[in-house]
Structures are given as structure tokens and as C-alpha cells.
file structure.tsv (TSV, C-alpha atoms)
chain	number	residue	atom	x	y	z
G	5	MET	CA	85.70	83.13	147.72
G	6	LEU	CA	82.11	83.84	148.71
G	7	GLY	CA	79.63	81.73	150.62
G	8	GLN	CA	76.06	82.34	151.74
G	9	ILE	CA	74.46	81.61	155.11
G	10	MET	CA	70.69	81.39	154.84
G	11	GLY	CA	68.24	82.45	157.53
G	12	LYS	CA	65.90	79.98	159.19
G	13	THR	CA	62.74	81.57	157.82
G	14	SER	CA	64.01	83.63	154.90
G	15	LYS	CA	65.08	82.33	151.50
G	16	LYS	CA	67.51	85.22	151.23
G	17	PRO	CA	71.00	85.04	152.76
G	18	GLU	CA	71.33	86.90	156.05
G	19	VAL	CA	75.12	86.64	156.18
G	20	TYR	CA	77.88	86.27	153.59
G	21	GLU	CA	81.16	84.57	154.40
G	22	PHE	CA	84.23	85.87	152.57
G	23	THR	CA	87.20	83.50	152.43
G	24	PRO	CA	90.56	84.80	151.08
G	25	ALA	CA	91.59	82.80	148.03
G	26	ARG	CA	94.08	82.98	145.19
G	27	LEU	CA	93.52	81.31	141.83
G	28	ILE	CA	96.66	80.66	139.77
G	29	ILE	CA	95.99	79.72	136.14
G	30	PRO	CA	98.84	78.94	133.70
G	31	ALA	CA	98.67	80.69	130.34
G	32	GLU	CA	99.77	79.78	126.82
G	33	PRO	CA	101.18	82.48	124.52
G	34	HIS	CA	99.18	83.46	121.47
G	35	VAL	CA	101.81	83.66	118.72
G	36	ALA	CA	101.70	86.74	116.49
G	37	ASN	CA	100.23	86.01	113.08
G	38	GLU	CA	103.52	85.97	111.18
G	39	ARG	CA	105.45	83.14	109.57
G	40	LEU	CA	107.75	81.45	112.06
G	41	ASP	CA	111.44	82.22	111.59
G	42	ALA	CA	113.02	79.18	113.22
G	43	VAL	CA	116.60	80.45	112.78
G	44	GLY	CA	115.74	83.82	114.27
G	45	ILE	CA	113.87	82.33	117.20
G	46	ARG	CA	116.65	79.90	118.05
G	47	SER	CA	119.40	82.53	117.77
G	48	SER	CA	117.60	85.35	119.61
G	49	GLY	CA	115.44	83.36	122.00
G	50	VAL	CA	112.57	85.72	121.16
G	51	LEU	CA	109.11	84.63	120.04
G	52	LEU	CA	106.68	87.37	119.03
G	53	ILE	CA	103.28	87.06	120.70
G	54	ASP	CA	100.22	89.28	120.76
G	55	GLY	CA	98.56	87.90	123.87
G	56	VAL	CA	98.11	84.94	126.17
G	57	GLY	CA	95.24	82.58	126.86
G	58	THR	CA	94.79	80.76	130.16
G	59	VAL	CA	94.20	77.03	130.19
G	60	PRO	CA	90.66	75.82	131.04
G	61	CYS	CA	89.96	76.06	134.75
G	62	GLU	CA	87.29	74.80	137.15
G	63	THR	CA	87.64	76.23	140.64
G	64	GLN	CA	86.76	73.08	142.59
G	65	ALA	CA	89.23	71.04	140.52
G	66	ALA	CA	91.90	73.74	141.02
G	67	GLU	CA	91.40	73.70	144.79
G	68	ARG	CA	91.49	69.89	144.81
G	69	GLU	CA	94.70	69.88	142.74
G	70	ALA	CA	96.38	72.26	145.18
G	71	GLN	CA	95.36	70.19	148.20
G	72	GLU	CA	96.59	66.98	146.57
G	73	MET	CA	99.98	68.55	145.78
G	74	LEU	CA	100.28	69.84	149.34
G	75	ALA	CA	99.32	66.44	150.74
G	76	ARG	CA	101.99	64.71	148.63
G	77	CYS	CA	104.58	67.22	149.82
G	78	ARG	CA	103.60	66.71	153.48
G	79	GLU	CA	103.83	62.93	153.08
G	80	GLN	CA	107.25	63.15	151.45
G	81	LEU	CA	108.48	65.34	154.30
G	82	ARG	CA	107.13	62.80	156.79
G	83	LEU	CA	109.16	60.13	154.99
G	84	GLY	CA	112.31	62.23	155.35
G	85	ASN	CA	112.52	63.68	151.83
G	86	ARG	CA	113.97	67.15	152.47
G	87	TYR	CA	113.78	67.98	148.74
G	88	ALA	CA	109.96	67.89	148.73
G	89	VAL	CA	109.42	71.58	149.59
G	90	ILE	CA	111.72	72.93	146.87
G	91	GLU	CA	110.27	70.51	144.33
G	92	LEU	CA	106.77	71.73	145.20
G	93	LEU	CA	107.88	75.35	144.81
G	94	ASP	CA	109.54	74.47	141.49
G	95	ALA	CA	106.16	73.13	140.39
G	96	ASN	CA	104.41	76.33	141.46
G	97	PRO	CA	106.13	79.17	143.39
G	98	TRP	CA	102.76	80.42	144.68
G	99	PHE	CA	102.76	77.62	147.25
G	100	ILE	CA	105.13	79.82	149.29
G	101	ALA	CA	101.94	81.64	150.40
G	102	VAL	CA	100.94	78.55	152.40
G	103	PRO	CA	102.22	79.21	155.95
G	104	TRP	CA	103.48	75.70	156.73
G	105	ILE	CA	105.39	75.55	153.42
G	106	ALA	CA	107.14	78.84	154.22
G	107	GLU	CA	107.92	77.60	157.74
G	108	GLN	CA	109.33	74.29	156.46
G	109	LEU	CA	111.51	76.09	153.91
G	110	LEU	CA	112.91	78.41	156.59
G	111	ARG	CA	113.58	75.50	158.94
G	112	LEU	CA	115.33	73.49	156.21
G	113	ARG	CA	117.49	76.45	155.19
G	114	ARG	CA	118.57	76.94	158.77
G	115	GLY	CA	119.62	73.28	158.82
G	116	GLY	CA	122.29	74.02	156.23
G	117	LEU	CA	121.77	70.89	154.09
G	118	PRO	CA	121.31	71.08	150.29
G	119	LEU	CA	117.63	71.42	149.41
G	120	ARG	CA	117.94	70.33	145.77
G	121	ARG	CA	118.85	67.00	144.30
G	122	ARG	CA	121.91	66.88	142.09
G	123	GLY	CA	121.28	67.25	138.38
G	124	ARG	CA	119.03	69.37	136.24
G	125	VAL	CA	116.30	71.33	137.99
G	126	ARG	CA	112.84	70.12	137.07
G	127	GLY	CA	111.14	72.59	134.78
G	128	ARG	CA	114.23	73.99	133.03
G	129	TYR	CA	113.75	73.78	129.27
G	130	GLN	CA	115.10	75.55	126.21
G	131	PHE	CA	111.47	75.82	125.09
G	132	HIS	CA	108.84	76.03	127.79
G	133	PRO	CA	106.09	73.40	127.41
G	134	LEU	CA	103.36	76.08	127.38
G	135	VAL	CA	105.20	77.87	124.58
G	136	VAL	CA	105.20	74.64	122.57
G	137	ALA	CA	101.46	74.29	123.24
G	138	GLY	CA	101.01	77.83	121.94
G	139	LEU	CA	103.05	77.05	118.83
G	140	VAL	CA	100.94	73.96	118.13
G	141	LYS	CA	97.74	75.98	118.41
G	142	TYR	CA	99.20	78.69	116.16
G	143	LEU	CA	100.11	76.23	113.40
G	144	ILE	CA	96.64	74.70	113.48
G	145	GLU	CA	94.94	78.11	113.42
G	146	ARG	CA	97.02	79.19	110.41
G	147	GLY	CA	96.18	76.01	108.53
G	148	GLU	CA	99.80	74.84	108.48
G	149	ALA	CA	98.73	71.67	110.30
G	150	ALA	CA	95.44	69.82	110.50
G	151	ASN	CA	95.89	68.56	114.05
G	152	VAL	CA	98.30	68.31	116.97
G	153	GLU	CA	100.32	65.49	115.42
G	154	GLY	CA	100.72	67.45	112.20
G	155	ALA	CA	101.80	70.55	114.11
G	156	LEU	CA	104.47	68.59	115.98
G	157	TRP	CA	105.88	67.32	112.69
G	158	ARG	CA	105.71	70.86	111.26
G	159	LEU	CA	107.89	72.16	114.10
G	160	ASP	CA	110.42	69.49	113.13
G	161	GLU	CA	110.21	70.39	109.41
G	162	ILE	CA	110.98	74.07	109.95
G	163	GLY	CA	113.92	73.21	112.23
G	164	LEU	CA	112.57	74.71	115.43
G	165	LEU	CA	112.26	71.51	117.47
G	166	SER	CA	112.69	67.84	116.77
G	167	TYR	CA	109.43	65.89	116.62
G	168	ALA	CA	110.35	63.88	119.71
G	169	THR	CA	111.20	66.96	121.76
G	170	ALA	CA	108.12	68.86	120.59
G	171	LYS	CA	105.87	65.91	121.44
G	172	ASP	CA	107.41	65.48	124.88
G	173	LEU	CA	107.06	69.17	125.75
G	174	TYR	CA	103.53	69.49	124.32
G	175	TYR	CA	102.20	66.62	126.41
G	176	ARG	CA	104.04	67.88	129.48
G	177	ALA	CA	102.02	71.09	129.09
G	178	ARG	CA	98.84	69.02	129.01
G	179	ASP	CA	99.59	66.44	131.73
G	180	ASP	CA	102.22	67.76	134.16
G	181	ASP	CA	100.90	69.06	137.49
G	182	ARG	CA	103.16	72.11	137.03
G	183	PHE	CA	100.79	73.41	134.37
G	184	LYS	CA	97.45	72.77	136.04
G	185	PRO	CA	95.47	75.55	137.72
G	186	ILE	CA	95.56	75.65	141.50
G	187	MET	CA	93.44	77.55	144.01
G	188	LEU	CA	94.75	78.32	147.47
G	189	THR	CA	92.31	79.27	150.24
G	190	TRP	CA	92.75	80.49	153.80
G	191	PRO	CA	89.59	79.39	155.70
G	192	GLU	CA	91.10	80.51	159.01
G	193	LEU	CA	90.94	84.11	157.74
G	194	ALA	CA	87.30	83.92	156.65
G	195	VAL	CA	85.03	86.77	157.81
G	196	ARG	CA	81.26	86.92	158.08
G	197	VAL	CA	79.51	90.05	156.88
G	198	PRO	CA	75.81	90.91	157.25
G	199	ALA	CA	73.95	90.83	153.94
G	200	LYS	CA	73.19	94.55	154.14
G	201	VAL	CA	76.89	95.38	154.46
G	202	ALA	CA	77.90	92.95	151.69
G	203	ALA	CA	75.28	94.37	149.31
G	204	ALA	CA	77.46	97.38	148.42
G	205	PHE	CA	80.32	95.11	147.37
G	206	LEU	CA	78.11	92.63	145.53
G	207	SER	CA	76.43	95.42	143.57
G	208	ARG	CA	79.81	96.20	141.94
G	209	ALA	CA	80.65	92.58	141.17
G	210	GLU	CA	80.05	91.31	137.66
G	211	VAL	CA	78.92	87.72	137.34
G	212	LEU	CA	80.03	85.86	134.23
G	213	ALA	CA	77.18	84.19	132.37
G	214	PRO	CA	77.79	81.01	130.35
G	215	ASP	CA	79.01	81.70	126.81
G	216	LYS	CA	78.80	85.50	127.29
G	217	PRO	CA	82.38	86.84	127.43
G	218	VAL	CA	83.18	90.10	129.19
G	219	THR	CA	86.01	92.29	127.88
G	220	ARG	CA	87.74	95.11	129.71
G	221	SER	CA	90.42	97.35	128.15
G	222	TRP	CA	93.05	99.72	129.47
G	223	ASP	CA	96.27	101.44	128.36
G	224	ASP	CA	99.52	100.03	129.66
G	225	PRO	CA	102.59	102.37	129.59
G	226	GLU	CA	104.77	99.60	128.09
G	227	ARG	CA	102.36	97.40	126.13
G	228	GLY	CA	99.91	99.99	124.86
G	229	ARG	CA	96.27	98.95	124.64
G	230	VAL	CA	95.52	95.78	126.58
G	231	ASP	CA	92.30	93.80	126.25
G	232	LEU	CA	91.30	91.28	128.90
G	233	THR	CA	88.50	88.91	127.99
G	234	MET	CA	86.92	86.65	130.59
G	235	ARG	CA	84.55	83.88	129.64
G	236	THR	CA	82.88	80.87	131.15
G	237	THR	CA	81.21	77.96	129.41
G	238	SER	CA	78.18	75.97	130.36
G	239	ALA	CA	78.75	72.50	131.76
G	240	ALA	CA	78.77	69.73	129.20
call {"tool": "encode", "arguments": {"input": "structure.tsv", "output": "C-alpha cells"}}
result
Amino acid sequence: MLGQIMGKTSKKPEVYEFTPARLIIPAEPHVANERLDAVGIRSSGVLLIDGVGTVPCETQAAEREAQEMLARCREQLRLGNRYAVIELLDANPWFIAVPWIAEQLLRLRRGGLPLRRRGRVRGRYQFHPLVVAGLVKYLIERGEAANVEGALWRLDEIGLLSYATAKDLYYRARDDDRFKPIMLTWPELAVRVPAKVAAAFLSRAEVLAPDKPVTRSWDDPERGRVDLTMRTTSAA
């Protein structure tokens, strides 16, 4: 994450502040353009995809979401809920990178008490909610459904998921905090760099312009040709 520190008399930044950050964005699969074989998918557990698409993300909202989840976890720990750390990590394993979360987990493990509640672990599904979201989008794109509701019924018709299950999982993908982007930052590790030194790095950075996608391609030894497209949209 990059910040600018302006000079007193100059309109140009004299110093740049670099703050380590990690942005974690959930992705929905893009189903391969073939007719769904419900029997084959259910028996093999394999769904053919030809890519993934991340959910919409706004960095300030992602950072706010992460801080809110951490604050709820801290409050639950204060109230004596020893399950809070594992439940946070079930929601998003990347929170282990937060030092106090890692320390709390180590301390709790040393205590020897169970860290999970009895019963089914949150987030265990036969069909992942983001997969269901991808299936809904696929059916709409192929013209097999006119809207989300129609796609949910279509999944029921072909025998892949019941309407009730499909609806529950689809809206979990849209509403559950497990599937929202988060951004973790480490302000205590921020460094300040003179503008002249930062210029070399900034000259290699590519800034995304609204509604002008940037695509980069490479060859992966297992997947073959891979295309990565990054895009940003103008504010509404």
C-alpha cells in the first residue's frame, strides 16, 4: 500500500510511504461452456471450469471488513469464547498472518482444551457457495435461465441441487462474511522512501484506468496458457 507525503512548498511528493498489505479476494469459477452433466458431477465431484473471476472489491471496504472481523473476534475472546479464533480462521485462513491471532492460537493450543464447538464445521458443504454462484452465472450466460431465481430452479430441474439448497448456498456466497474480500495491513512495518528512490519502482508499476482492462499471459506447466485480466470500474 502506497502513500504520499507532500513537501511544504512543492506540490510533488518528497517522500513515499510503503505499507505492507495483503488483499484476499474470493473467486467464483467460470464453468466451461458445456452442458451440465448432473449425474457425472455428483458421482465424480468434478466440475469442469475454464477460469475464475474474483468478486467485486473496493480496497477501503476490504480493509474495513477485515478490521471488523478482527474486532468481533477480540471481543468474543474477551467474553471468554475460546472458539472465536478458530471460527475466524475458518472464515478466512489468511487471518493467521495477524500476529495477535497467531499468538492467541498458540496459547489456546498449549492450554489443551478443544478449540472447536461440537457439530459440523462452519463452511463444510457438498457444493461450495461460490461454486453455486458460478453455476448460476453460467446458466444465465447460456440462456438456460433469465435470472437468478430461474437459475436456482434450473439446478433443481437437472437434479444437481434442490431449489432450497441452491438458494441457501447462492445467498451465502453473496452475504456471508466468509466470501467478502479482506485487506490486511501492517502499519508498524511501513517504510518511508525518498521520492527519487521510489521513482525507479513507480516507473515499473502499471496503474489501472477505469474501464480499461489490462491482460497479462504466461505458460503454466500444468494448465497451459493462462490469461490474467485486471480491470477497474469508475465509481457510480
call {"tool": "closest_atom_pairs", "arguments": {"input": "structure.tsv", "of": "segment 107-226 of chain G", "to": "segment 60-80 of chain G", "cutoff": "6 Å", "atoms": "all atoms listed in the file", "output": "Markdown table"}}
result
| residue | atom | partner | partner_atom | distance |
| --- | --- | --- | --- | --- |
| G:Pro185 | CA | G:Ala66 | CA | 5.2 |
| G:Ile186 | CA | G:Ala66 | CA | 4.2 |
| G:Met187 | CA | G:Glu67 | CA | 4.4 |
call {"tool": "residues_around", "arguments": {"input": "structure.tsv", "residues": "Val89 of chain G", "least_positions_apart": "6", "cutoff": "10 Å", "atoms": "only C-alpha atoms", "output": "PyMOL selection string"}}
result
chain G and resi 74+77-78+80-81+95+99-100+105-106+108-109+112+119-120
call {"tool": "closest_atom_pairs", "arguments": {"input": "structure.tsv", "of": "segment 124-186 of chain G", "to": "segment 26-35 of chain G", "cutoff": "10 Å", "atoms": "all atoms listed in the file", "output": "JSON lines"}}
result
{"residue": "G:His132", "atom": "CA", "partner": "G:Glu32", "partner_atom": "CA", "distance": 9.9}
{"residue": "G:Pro133", "atom": "CA", "partner": "G:Glu32", "partner_atom": "CA", "distance": 9.0}
{"residue": "G:Leu134", "atom": "CA", "partner": "G:Glu32", "partner_atom": "CA", "distance": 5.2}
{"residue": "G:Val135", "atom": "CA", "partner": "G:Pro33", "partner_atom": "CA", "distance": 6.1}
{"residue": "G:Val136", "atom": "CA", "partner": "G:Glu32", "partner_atom": "CA", "distance": 8.6}
{"residue": "G:Ala137", "atom": "CA", "partner": "G:Glu32", "partner_atom": "CA", "distance": 6.8}
{"residue": "G:Gly138", "atom": "CA", "partner": "G:Pro33", "partner_atom": "CA", "distance": 5.3}
{"residue": "G:Leu139", "atom": "CA", "partner": "G:Val35", "partner_atom": "CA", "distance": 6.7}
{"residue": "G:Val140", "atom": "CA", "partner": "G:Val35", "partner_atom": "CA", "distance": 9.8}
{"residue": "G:Lys141", "atom": "CA", "partner": "G:His34", "partner_atom": "CA", "distance": 8.2}
{"residue": "G:Tyr142", "atom": "CA", "partner": "G:Val35", "partner_atom": "CA", "distance": 6.2}
{"residue": "G:Leu143", "atom": "CA", "partner": "G:Val35", "partner_atom": "CA", "distance": 9.3}
{"residue": "G:Ala177", "atom": "CA", "partner": "G:Glu32", "partner_atom": "CA", "distance": 9.3}
{"residue": "G:Arg182", "atom": "CA", "partner": "G:Pro30", "partner_atom": "CA", "distance": 8.7}
{"residue": "G:Phe183", "atom": "CA", "partner": "G:Pro30", "partner_atom": "CA", "distance": 5.9}
{"residue": "G:Lys184", "atom": "CA", "partner": "G:Pro30", "partner_atom": "CA", "distance": 6.7}
{"residue": "G:Pro185", "atom": "CA", "partner": "G:Ile29", "partner_atom": "CA", "distance": 4.5}
{"residue": "G:Ile186", "atom": "CA", "partner": "G:Ile28", "partner_atom": "CA", "distance": 5.4}
call {"tool": "closest_atom_pairs", "arguments": {"input": "structure.tsv", "of": "segment 96-127 of chain G", "to": "segment 189-209 of chain G", "cutoff": "10 Å", "atoms": "only C-alpha atoms", "output": "Markdown table"}}
result
| residue | atom | partner | partner_atom | distance |
| --- | --- | --- | --- | --- |
| G:Ala101 | CA | G:Trp190 | CA | 9.9 |
| G:Val102 | CA | G:Trp190 | CA | 8.5 |
| G:Pro103 | CA | G:Trp190 | CA | 9.8 |
call {"tool": "atom_distance", "arguments": {"input": "structure.tsv", "atom1": "atom CA of Leu117 of chain G", "atom2": "atom CA of Glu91 of chain G"}}
result
15.1 Å
call {"tool": "atom_distance", "arguments": {"input": "structure.tsv", "atom1": "atom CA of Ser166 of chain G", "atom2": "atom CA of Gln130 of chain G"}}
result
12.4 Å
call {"tool": "atom_distance", "arguments": {"input": "structure.tsv", "atom1": "atom CA of Leu93 of chain G", "atom2": "atom CA of Leu110 of chain G"}}
result
13.2 Å
call {"tool": "residues_around", "arguments": {"input": "structure.tsv", "residues": "Met234 of chain G", "least_positions_apart": "3", "cutoff": "12 Å", "atoms": "only C-alpha atoms", "output": "PyMOL selection string"}}
result
chain G and resi 57-58+60-61+210-221+231+237
call {"tool": "residues_around", "arguments": {"input": "structure.tsv", "residues": "Glu38 of chain G", "least_positions_apart": "4", "cutoff": "10 Å", "atoms": "all atoms listed in the file", "output": "ChimeraX atom specification"}}
result
/G:52-53,142,146
